[in-house]
Structures are given as C-alpha cells and as structure tokens.
$ cat start-v2.txt   # compact mmCIF, C-alpha atoms
# COMPACT_ATOMS: atom_id res chain seq x y z
CA MET H 20 57.70 9.93 9.33
CA ARG H 21 55.37 12.08 11.37
CA ARG H 22 53.83 13.48 8.20
CA MET H 23 53.20 9.94 6.89
CA GLU H 24 51.75 8.87 10.22
CA ARG H 25 49.41 11.87 10.27
CA ARG H 26 48.35 11.00 6.73
CA ARG H 27 47.63 7.40 7.70
CA ASN H 28 45.64 8.57 10.72
CA SER H 29 43.63 10.91 8.52
CA GLU H 30 42.93 8.14 6.02
CA ARG H 31 41.96 5.81 8.86
CA LEU H 32 39.57 8.42 10.27
CA ILE H 33 37.99 8.95 6.87
CA LEU H 34 37.51 5.18 6.50
CA ILE H 35 35.97 4.92 9.98
CA LEU H 36 33.56 7.78 9.27
CA ALA H 37 32.63 6.26 5.90
CA CYS H 38 31.91 2.89 7.51
CA ALA H 39 29.91 4.53 10.28
CA SER H 40 27.82 6.41 7.71
CA PHE H 41 27.24 3.16 5.82
CA VAL H 42 26.07 1.38 8.98
CA ILE H 43 23.77 4.25 9.90
CA ALA H 44 22.29 4.19 6.41
CA LEU H 45 21.54 0.48 6.70
CA SER H 46 20.25 0.61 10.27
CA PRO H 47 16.49 0.62 10.79
CA PRO H 48 15.08 4.06 11.64
CA ALA H 49 14.03 4.92 15.16
CA ARG H 50 10.42 4.22 14.28
CA ALA H 51 11.32 0.57 13.65
CA GLN H 52 10.22 -0.28 17.18
CA ALA H 53 6.76 1.22 16.70
CA THR H 54 3.86 -1.22 17.04
CA VAL H 55 0.80 -0.44 14.94
CA ASP H 56 -2.70 -1.82 14.61
CA MET H 57 -2.48 -2.60 10.91
CA HIS H 58 -0.26 -2.69 7.85
CA LEU H 59 -2.40 -1.46 4.93
CA VAL H 60 -1.20 -1.76 1.33
CA LEU H 61 -3.21 0.16 -1.24
CA ALA H 62 -2.82 -1.33 -4.73
CA VAL H 63 -4.14 1.05 -7.39
CA ASP H 64 -4.99 -0.05 -10.93
CA ALA H 65 -3.06 1.96 -13.55
CA SER H 66 -3.62 -0.37 -16.51
CA GLY H 67 -4.44 0.80 -20.01
CA SER H 68 -8.20 0.57 -19.48
CA VAL H 69 -7.91 3.35 -16.89
CA ASP H 70 -7.50 6.56 -18.84
CA ASP H 71 -6.03 9.68 -17.24
CA ALA H 72 -9.39 11.16 -16.32
CA ARG H 73 -10.49 7.96 -14.56
CA PHE H 74 -7.10 7.59 -12.91
CA GLU H 75 -7.50 11.10 -11.54
CA LEU H 76 -10.87 10.13 -10.07
CA GLN H 77 -9.15 7.23 -8.28
CA ARG H 78 -6.45 9.54 -6.97
CA ARG H 79 -8.95 12.07 -5.67
CA GLY H 80 -10.83 9.30 -3.89
CA TYR H 81 -7.77 8.23 -1.91
CA VAL H 82 -6.79 11.83 -1.17
CA ALA H 83 -10.26 12.62 0.13
CA ALA H 84 -10.27 9.47 2.28
CA PHE H 85 -7.06 10.37 4.13
CA ARG H 86 -8.30 13.90 4.69
CA HIS H 87 -11.61 12.71 6.12
CA ALA H 88 -12.22 13.02 9.86
CA ARG H 89 -13.92 9.60 10.04
CA VAL H 90 -10.80 7.83 8.74
CA LEU H 91 -8.70 9.46 11.45
CA GLU H 92 -11.36 8.55 14.01
CA ALA H 93 -11.17 4.91 12.90
CA ILE H 94 -7.36 4.95 13.18
CA ARG H 95 -7.53 6.34 16.71
CA GLY H 96 -10.00 3.63 17.69
CA GLY H 97 -7.35 0.89 17.61
CA ALA H 98 -5.31 -0.27 20.59
CA ASN H 99 -2.16 1.42 19.29
CA ARG H 100 -4.01 4.37 17.76
CA SER H 101 -1.93 4.11 14.60
CA ILE H 102 -1.54 2.25 11.31
CA VAL H 103 1.09 2.16 8.57
CA VAL H 104 0.21 2.66 4.93
CA ALA H 105 1.97 1.93 1.64
CA MET H 106 0.61 2.54 -1.84
CA PHE H 107 1.65 1.45 -5.31
CA GLN H 108 0.31 1.56 -8.86
CA TRP H 109 0.13 -1.69 -10.80
CA THR H 110 -0.44 -3.06 -14.28
CA GLY H 111 1.42 -6.14 -15.59
CA PRO H 112 3.03 -8.97 -13.60
CA GLN H 113 6.34 -7.15 -13.10
CA GLN H 114 5.03 -3.59 -13.41
CA GLN H 115 4.47 -1.86 -10.11
CA ALA H 116 5.46 1.65 -9.02
CA GLU H 117 5.68 2.70 -5.37
CA ILE H 118 3.80 5.89 -4.60
CA VAL H 119 3.81 5.96 -0.80
CA PRO H 120 6.52 4.09 1.14
CA TRP H 121 5.62 2.64 4.53
CA THR H 122 4.31 5.66 6.43
CA LEU H 123 3.03 5.90 9.99
CA VAL H 124 -0.43 7.45 10.27
CA LYS H 125 -1.48 8.36 13.79
CA ASP H 126 -2.86 11.91 13.72
CA GLU H 127 -4.26 14.60 11.46
CA THR H 128 -0.83 15.79 10.37
CA SER H 129 0.41 12.38 9.26
CA ALA H 130 -2.90 11.52 7.56
CA LYS H 131 -2.82 14.76 5.59
CA ALA H 132 0.82 14.13 4.70
CA VAL H 133 -0.16 10.82 3.08
CA ALA H 134 -3.00 12.55 1.24
CA SER H 135 -0.64 15.23 -0.05
CA LEU H 136 1.89 12.66 -1.23
CA ILE H 137 -0.79 10.76 -3.16
CA GLU H 138 -1.99 14.05 -4.63
CA ILE H 139 1.37 15.19 -5.99
CA LYS H 140 2.80 11.87 -7.17
CA PRO H 141 2.43 11.45 -10.94
CA ARG H 142 1.01 8.46 -12.71
CA GLU H 143 3.92 6.10 -13.37
CA LEU H 144 2.29 3.31 -15.40
CA SER H 145 -0.30 2.96 -18.15
CA ARG H 146 0.43 -0.28 -20.04
CA GLY H 147 1.06 -3.94 -19.31
CA GLY H 148 -2.33 -5.57 -18.97
CA THR H 149 -4.12 -6.36 -15.73
CA SER H 150 -2.21 -8.59 -13.33
CA ILE H 151 -4.00 -8.74 -10.00
CA SER H 152 -1.76 -11.69 -9.10
CA GLY H 153 1.29 -9.50 -9.71
CA ALA H 154 -0.19 -6.83 -7.46
CA ILE H 155 -0.75 -9.35 -4.66
CA ASP H 156 2.79 -10.71 -5.00
CA TYR H 157 4.27 -7.21 -4.90
CA ALA H 158 2.21 -6.32 -1.83
CA MET H 159 3.58 -9.40 -0.08
CA TYR H 160 7.08 -8.22 -0.94
CA LEU H 161 6.32 -4.82 0.60
CA PHE H 162 5.22 -6.44 3.86
CA SER H 163 8.67 -7.97 4.15
CA LEU H 164 10.23 -4.49 3.98
CA SER H 165 8.17 -2.87 6.72
CA PRO H 166 10.15 -1.48 9.66
CA PHE H 167 7.06 -1.55 11.87
CA LYS H 168 5.56 -4.18 14.15
CA GLY H 169 1.97 -5.34 13.85
CA GLU H 170 0.37 -8.65 12.98
CA ARG H 171 -2.65 -7.52 11.00
CA ARG H 172 -1.75 -7.15 7.33
CA VAL H 173 -4.27 -6.05 4.72
CA ILE H 174 -4.03 -5.66 0.93
CA ASP H 175 -6.61 -3.34 -0.58
CA ILE H 176 -6.89 -3.90 -4.34
CA SER H 177 -8.86 -1.60 -6.60
CA GLY H 178 -9.25 -2.40 -10.29
CA ASP H 179 -11.56 -2.31 -13.28
CA GLY H 180 -10.83 -5.71 -14.81
CA SER H 181 -10.18 -9.38 -14.21
CA ASN H 182 -6.72 -10.91 -14.15
CA ASN H 183 -5.39 -11.31 -17.72
CA ARG H 184 -1.61 -11.38 -17.20
CA GLY H 185 0.78 -13.34 -15.03
CA ARG H 186 0.11 -16.34 -12.85
CA SER H 187 -3.18 -17.53 -11.41
CA VAL H 188 -4.80 -14.89 -9.24
CA THR H 189 -6.36 -17.53 -7.00
CA ALA H 190 -2.92 -19.08 -6.41
CA ALA H 191 -1.52 -15.68 -5.43
CA ARG H 192 -4.51 -15.04 -3.18
CA ASP H 193 -4.34 -18.42 -1.50
CA GLU H 194 -0.62 -18.05 -0.76
CA ALA H 195 -1.17 -14.61 0.77
CA VAL H 196 -4.09 -15.82 2.88
CA ALA H 197 -2.07 -18.83 4.06
CA ALA H 198 0.55 -16.33 5.27
CA GLY H 199 -2.07 -14.58 7.40
CA VAL H 200 -2.83 -11.69 5.05
CA VAL H 201 -6.33 -10.36 4.36
CA ILE H 202 -7.16 -9.19 0.84
CA ASN H 203 -10.04 -6.77 0.38
CA GLY H 204 -11.32 -5.57 -2.97
CA LEU H 205 -12.78 -2.53 -4.65
CA PRO H 206 -13.88 -3.65 -8.12
CA ILE H 207 -14.89 -0.84 -10.47
CA GLN H 208 -17.61 -2.17 -12.77
CA ALA H 209 -17.13 0.35 -15.56
CA TRP H 210 -16.34 -2.31 -18.20
CA GLU H 211 -17.13 -5.67 -16.64
CA PRO H 212 -20.61 -5.85 -15.07
CA ASP H 213 -19.77 -9.11 -13.26
CA LEU H 214 -16.44 -7.91 -11.87
CA GLY H 215 -17.82 -7.84 -8.33
CA GLN H 216 -18.60 -11.54 -8.50
CA TYR H 217 -15.16 -12.19 -10.01
CA TYR H 218 -13.46 -10.42 -7.10
CA LYS H 219 -15.60 -12.34 -4.64
CA ASN H 220 -14.66 -15.69 -6.16
CA ASN H 221 -11.03 -15.08 -7.06
CA VAL H 222 -9.49 -12.05 -5.34
CA ILE H 223 -10.62 -11.36 -1.79
CA GLY H 224 -9.72 -13.72 1.03
CA GLY H 225 -8.77 -14.10 4.66
CA PRO H 226 -10.65 -13.56 7.94
CA GLY H 227 -13.20 -10.78 7.58
CA ALA H 228 -12.32 -10.11 3.94
CA PHE H 229 -14.85 -7.96 2.11
CA MET H 230 -15.31 -5.81 -0.95
CA ILE H 231 -17.22 -2.72 -1.88
CA VAL H 232 -18.27 -2.38 -5.52
CA ALA H 233 -18.02 0.93 -7.35
CA LYS H 234 -20.45 0.96 -10.25
CA ASN H 235 -18.14 3.31 -12.15
CA PHE H 236 -15.24 5.68 -11.60
CA ASP H 237 -17.58 8.52 -10.61
CA THR H 238 -18.67 6.56 -7.52
CA PHE H 239 -15.13 5.48 -6.62
CA SER H 240 -14.54 8.29 -4.12
CA ASP H 241 -17.54 7.33 -1.97
CA ALA H 242 -16.66 3.65 -2.22
CA ILE H 243 -13.02 4.08 -1.15
CA LEU H 244 -14.01 6.27 1.79
CA LYS H 245 -16.52 3.70 3.05
CA LYS H 246 -14.07 0.86 2.46
CA THR H 247 -11.13 2.56 4.19
CA ILE H 248 -13.20 3.39 7.25
CA THR H 249 -14.56 -0.17 7.43
CA GLU H 250 -11.22 -1.98 7.17
CA ILE H 251 -9.48 0.33 9.64
CA ALA H 252 -12.39 0.20 12.09
CA MET H 253 -12.10 -3.60 12.15
CA ASN H 254 -9.03 -3.07 14.36
CA VAL H 255 -11.37 -2.12 17.18
CA GLN H 256 -13.21 -5.43 16.89
CA ARG H 257 -10.11 -7.56 17.31
$ encode --input "start-v2.txt" --output "structure tokens"
Amino acid sequence: MRRMERRRNSERLILILACASFVIALSPPARAQATVDMHLVLAVDASGSVDDARFELQRRGYVAAFRHARVLEAIRGGANRSIVVAMFQWTGPQQQAEIVPWTLVKDETSAKAVASLIEIKPRELSRGGTSISGAIDYAMYLFSLSPFKGERRVIDISGDGSNNRGRSVTAARDEAVAAGVVINGLPIQAWEPDLGQYYKNNVIGGPGAFMIVAKNFDTFSDAILKKTITEIAMNVQR
C-alpha cells in the first residue's frame, strides 16, 4: 500500500511540475510590462524580382541602420528611450517569413543584436508575386502578438513593385490606418519608374506617413538609414 501511495504521489508531482512548466511557457515574459515609444514592423520585399544580389543590398542597408549611432540617438530621444522592432520577408498573399521577432531596442547592445540577427538570417522566400496587401495584413497580425505596451504602431514597407497578388492594397491600407497604424514606404524604383507615386497613392497612410524613394538597390542603404532615423525621431515630436 505504501509503495502504491508513493507511486501515486510521484505521479502527482510529475503532473504538477508538467502543468507548472506549461503555464510558465504560456505566460508572458517579464518584459511584457515594458512600455515603449513605438512598435516598428519592417516588411522586406523578397519577391522574384529581387535577385540574391539585390536582396543582399537590402539586408546590408538594414544592418547598417541598426549599427548607426544616429539611429540609437533617435531611439533615446523618445519619452521611454526604447522601441520594439519586428522584421519579416514577404512575397505572395500568404507568404511571409519572420526574421526578427518582437525585440526591445534601447541601447547599443540591443541595437547591434538586431543588426546581427538580420545579418545572419538567410533569405526564406523568393517566389509568390508581390502582395503588399498581404504584407500589411501580416504586420497587423504581428501587432496583436506583441508583449509590449505602446500606442504608436508603424509598418515600414520596402519593395520594388506594385501590388499584383492578393486583395486590394488600398483596402488593406485603409483598414490598418483606421486601426491607428501608420504605414510608411520605401519604394525601390529599379523596375517601375512611377513606383514612388504608386506608393504615395495606394500604400502609405496615417498621421505623419511618409516615404523615401530609392532610385535603385544601390541607393537603398542610404534611403533606409534616413527613413529609420526619421520615423523613430518622430517619437520626440509627439
């Protein structure tokens, strides 16, 4: 009897520990209470029109931005002196690949950590058309998963083509803007000379929304640095 009782107690303990581990796994991390100045989603075009060499130029641009002293200076200029960043690659309506999960950026170490993660993560997508609407919808989904607090939410979309897959890009934009999200753009005019005007009319939206045009992939690095500094520095103005 005692042996059976000890066995039951052992099984009960194992069950309790298993349940406790499950609860801990589901519980929000300690950083969940952190309040930040901005949620920034970086949506990076990985469609078929972006070959590996051009994709690498995009990657280097983002890496350089998060290693730049002026970006960190802009982050520190906000009331909470911190932002959270997420990044994903996108192509077709249902084709998105997370590269950086929601990550707190508040100092040189955390900014460089984001840069390093972007640098080492491989390209996940290369086909599926160009669905800017799908990218906006996925970014909205990511906002719902954030464990951080902060009202300002910004989607930063870079791409080299107009929307040719999925639902209406203006419908996706309007829904996001109605939810209080700002969409900024970085059109790369390597193939479509009027892409800047297309982004202005159909993609960007929300209070203070803006875009910076890169004439080609070679100028992307300078454009993303200027754009990142500008959208983060807007926290100071609020």
$ residues_around --input "start-v2.txt" --residues "H:Arg100" --least-positions-apart "6" --cutoff "8 Å" --atoms "only C-alpha atoms" --output "list in words"
Val55, Asp56, Ile94 and Lys125 of chain H
$ residues_around --input "start-v2.txt" --residues "H:Glu117" --least-positions-apart "2" --cutoff "9 Å" --atoms "all atoms listed in the file" --output "PyMOL selection string"
chain H and resi 105-109+115+119-120+143
$ closest_residue --input "start-v2.txt" --among "H:Ala98, H:Leu59, H:Leu136, H:Leu205" --to "H:Phe239" --atoms "all atoms listed in the file"
H:Leu205
$ closest_residue --input "start-v2.txt" --among "H:Ala209, H:Ile174, H:Ile223, H:Val232" --to "H:Asp193" --atoms "all atoms listed in the file"
H:Ile223
$ residues_around --input "start-v2.txt" --residues "H:Lys245" --least-positions-apart "5" --cutoff "9 Å" --atoms "all atoms listed in the file" --output "ChimeraX atom specification"
/H:84,231,240,250
$ residues_near_point --input "start-v2.txt" --point "(-8.4, -6.8, 4.8)" --cutoff "9 Å" --atoms "only C-alpha atoms" --output "list in words"
Leu59, Arg171, Arg172, Val173, Ile174, Asp175, Val200, Val201, Ile202, Asn203, Gly204, Ile223, Gly224, Gly225, Pro226, Gly227, Ala228, Phe229, Glu250, Ile251 and Met253 of chain H
$ closest_residue --input "start-v2.txt" --among "H:Val104, H:Ile248, H:Ala134, H:Ala242" --to "H:Ala62" --atoms "only C-alpha atoms"
H:Val104
$ closest_residue --input "start-v2.txt" --among "H:Ala116, H:Ala72, H:Arg192, H:Ala130" --to "H:Leu91" --atoms "only C-alpha atoms"
H:Ala130
$ closest_residue --input "start-v2.txt" --among "H:Arg86, H:Lys140, H:Arg78, H:Arg184" --to "H:Val63" --atoms "all atoms listed in the file"
H:Arg78
$ closest_residue --input "start-v2.txt" --among "H:Asn183, H:Gly111, H:Asp70, H:Ile102" --to "H:Glu170" --atoms "only C-alpha atoms"
H:Ile102
$ atom_distance --input "start-v2.txt" --atom1 "atom CA of H:Ser150" --atom2 "atom CA of H:Pro166"
27.1 Å
$ closest_atom_pairs --input "start-v2.txt" --of "stretch 131-180 of chain H" --to "stretch 186-191 of chain H" --cutoff "12 Å" --atoms "all atoms listed in the file" --output "JSON lines"
{"residue": "H:Thr149", "atom": "CA", "partner": "H:Val188", "partner_atom": "CA", "distance": 10.7}
{"residue": "H:Ser150", "atom": "CA", "partner": "H:Val188", "partner_atom": "CA", "distance": 7.9}
{"residue": "H:Ile151", "atom": "CA", "partner": "H:Val188", "partner_atom": "CA", "distance": 6.2}
{"residue": "H:Ser152", "atom": "CA", "partner": "H:Val188", "partner_atom": "CA", "distance": 4.4}
{"residue": "H:Gly153", "atom": "CA", "partner": "H:Arg186", "partner_atom": "CA", "distance": 7.6}
{"residue": "H:Ala154", "atom": "CA", "partner": "H:Ala191", "partner_atom": "CA", "distance": 9.2}
{"residue": "H:Ile155", "atom": "CA", "partner": "H:Ala191", "partner_atom": "CA", "distance": 6.4}
{"residue": "H:Asp156", "atom": "CA", "partner": "H:Ala191", "partner_atom": "CA", "distance": 6.6}
{"residue": "H:Tyr157", "atom": "CA", "partner": "H:Ala191", "partner_atom": "CA", "distance": 10.3}
{"residue": "H:Ala158", "atom": "CA", "partner": "H:Ala191", "partner_atom": "CA", "distance": 10.7}
{"residue": "H:Met159", "atom": "CA", "partner": "H:Ala191", "partner_atom": "CA", "distance": 9.7}
$ residues_around --input "start-v2.txt" --residues "H:Asp237" --least-positions-apart "6" --cutoff "9 Å" --atoms "only C-alpha atoms" --output "PyMOL selection string"
chain H and resi 73+76-77
$ residues_around --input "start-v2.txt" --residues "H:Ala65" --least-positions-apart "3" --cutoff "8 Å" --atoms "only C-alpha atoms" --output "count of residues only"
10
$ atom_distance --input "start-v2.txt" --atom1 "atom CA of H:Glu138" --atom2 "atom CA of H:Arg89"
19.4 Å
$ axis_aligned_box --input "start-v2.txt" --around "stretch 212-227 of chain H" --padding-each-side "5 Å" --output "JSON"
{"center_x": -14.7, "center_y": -10.8, "center_z": -3.6, "size_x": 21.8, "size_y": 19.8, "size_z": 33.0}
$ atom_distance --input "start-v2.txt" --atom1 "atom CA of H:Trp121" --atom2 "atom CA of H:Val103"
6.1 Å
$ build_atoms --input "start-v2.txt" --residues "stretch 114-129 of chain H" --atoms "N, CA and C atoms" --output "PDB file, in the frame of the given file"
ATOM      1  N   GLN H 114       5.138  -5.044 -13.257  1.00  0.00           N
ATOM      2  CA  GLN H 114       5.030  -3.590 -13.410  1.00  0.00           C
ATOM      3  C   GLN H 114       4.257  -2.986 -12.236  1.00  0.00           C
ATOM      4  N   GLN H 115       5.028  -2.525 -11.275  1.00  0.00           N
ATOM      5  CA  GLN H 115       4.470  -1.860 -10.110  1.00  0.00           C
ATOM      6  C   GLN H 115       5.339  -0.627  -9.802  1.00  0.00           C
ATOM      7  N   ALA H 116       4.728   0.423  -9.332  1.00  0.00           N
ATOM      8  CA  ALA H 116       5.460   1.650  -9.020  1.00  0.00           C
ATOM      9  C   ALA H 116       5.029   2.150  -7.639  1.00  0.00           C
ATOM     10  N   GLU H 117       5.983   2.235  -6.727  1.00  0.00           N
ATOM     11  CA  GLU H 117       5.680   2.700  -5.370  1.00  0.00           C
ATOM     12  C   GLU H 117       5.328   4.177  -5.377  1.00  0.00           C
ATOM     13  N   ILE H 118       4.249   4.507  -4.704  1.00  0.00           N
ATOM     14  CA  ILE H 118       3.800   5.890  -4.600  1.00  0.00           C
ATOM     15  C   ILE H 118       3.998   6.405  -3.181  1.00  0.00           C
ATOM     16  N   VAL H 119       3.629   5.602  -2.209  1.00  0.00           N
ATOM     17  CA  VAL H 119       3.810   5.960  -0.800  1.00  0.00           C
ATOM     18  C   VAL H 119       4.603   4.834  -0.136  1.00  0.00           C
ATOM     19  N   PRO H 120       5.790   5.116   0.388  1.00  0.00           N
ATOM     20  CA  PRO H 120       6.520   4.090   1.140  1.00  0.00           C
ATOM     21  C   PRO H 120       5.836   3.881   2.485  1.00  0.00           C
ATOM     22  N   TRP H 121       6.248   2.881   3.236  1.00  0.00           N
ATOM     23  CA  TRP H 121       5.620   2.640   4.530  1.00  0.00           C
ATOM     24  C   TRP H 121       5.651   3.916   5.380  1.00  0.00           C
ATOM     25  N   THR H 122       4.455   4.389   5.721  1.00  0.00           N
ATOM     26  CA  THR H 122       4.310   5.660   6.430  1.00  0.00           C
ATOM     27  C   THR H 122       3.383   5.496   7.622  1.00  0.00           C
ATOM     28  N   LEU H 123       3.830   5.962   8.768  1.00  0.00           N
ATOM     29  CA  LEU H 123       3.030   5.900   9.990  1.00  0.00           C
ATOM     30  C   LEU H 123       1.939   6.959   9.957  1.00  0.00           C
ATOM     31  N   VAL H 124       0.711   6.528  10.216  1.00  0.00           N
ATOM     32  CA  VAL H 124      -0.430   7.450  10.270  1.00  0.00           C
ATOM     33  C   VAL H 124      -1.051   7.329  11.657  1.00  0.00           C
ATOM     34  N   LYS H 125      -0.983   8.406  12.423  1.00  0.00           N
ATOM     35  CA  LYS H 125      -1.480   8.360  13.790  1.00  0.00           C
ATOM     36  C   LYS H 125      -2.248   9.622  14.198  1.00  0.00           C
ATOM     37  N   ASP H 126      -2.186  10.667  13.376  1.00  0.00           N
ATOM     38  CA  ASP H 126      -2.860  11.910  13.720  1.00  0.00           C
ATOM     39  C   ASP H 126      -3.217  12.664  12.445  1.00  0.00           C
ATOM     40  N   GLU H 127      -3.803  13.823  12.615  1.00  0.00           N
ATOM     41  CA  GLU H 127      -4.260  14.600  11.460  1.00  0.00           C
ATOM     42  C   GLU H 127      -3.101  14.995  10.553  1.00  0.00           C
ATOM     43  N   THR H 128      -1.985  15.360  11.162  1.00  0.00           N
ATOM     44  CA  THR H 128      -0.830  15.790  10.370  1.00  0.00           C
ATOM     45  C   THR H 128      -0.300  14.682   9.484  1.00  0.00           C
ATOM     46  N   SER H 129      -0.126  13.490  10.048  1.00  0.00           N
ATOM     47  CA  SER H 129       0.410  12.380   9.260  1.00  0.00           C
ATOM     48  C   SER H 129      -0.590  11.892   8.214  1.00  0.00           C
TER      49      SER H 129
END
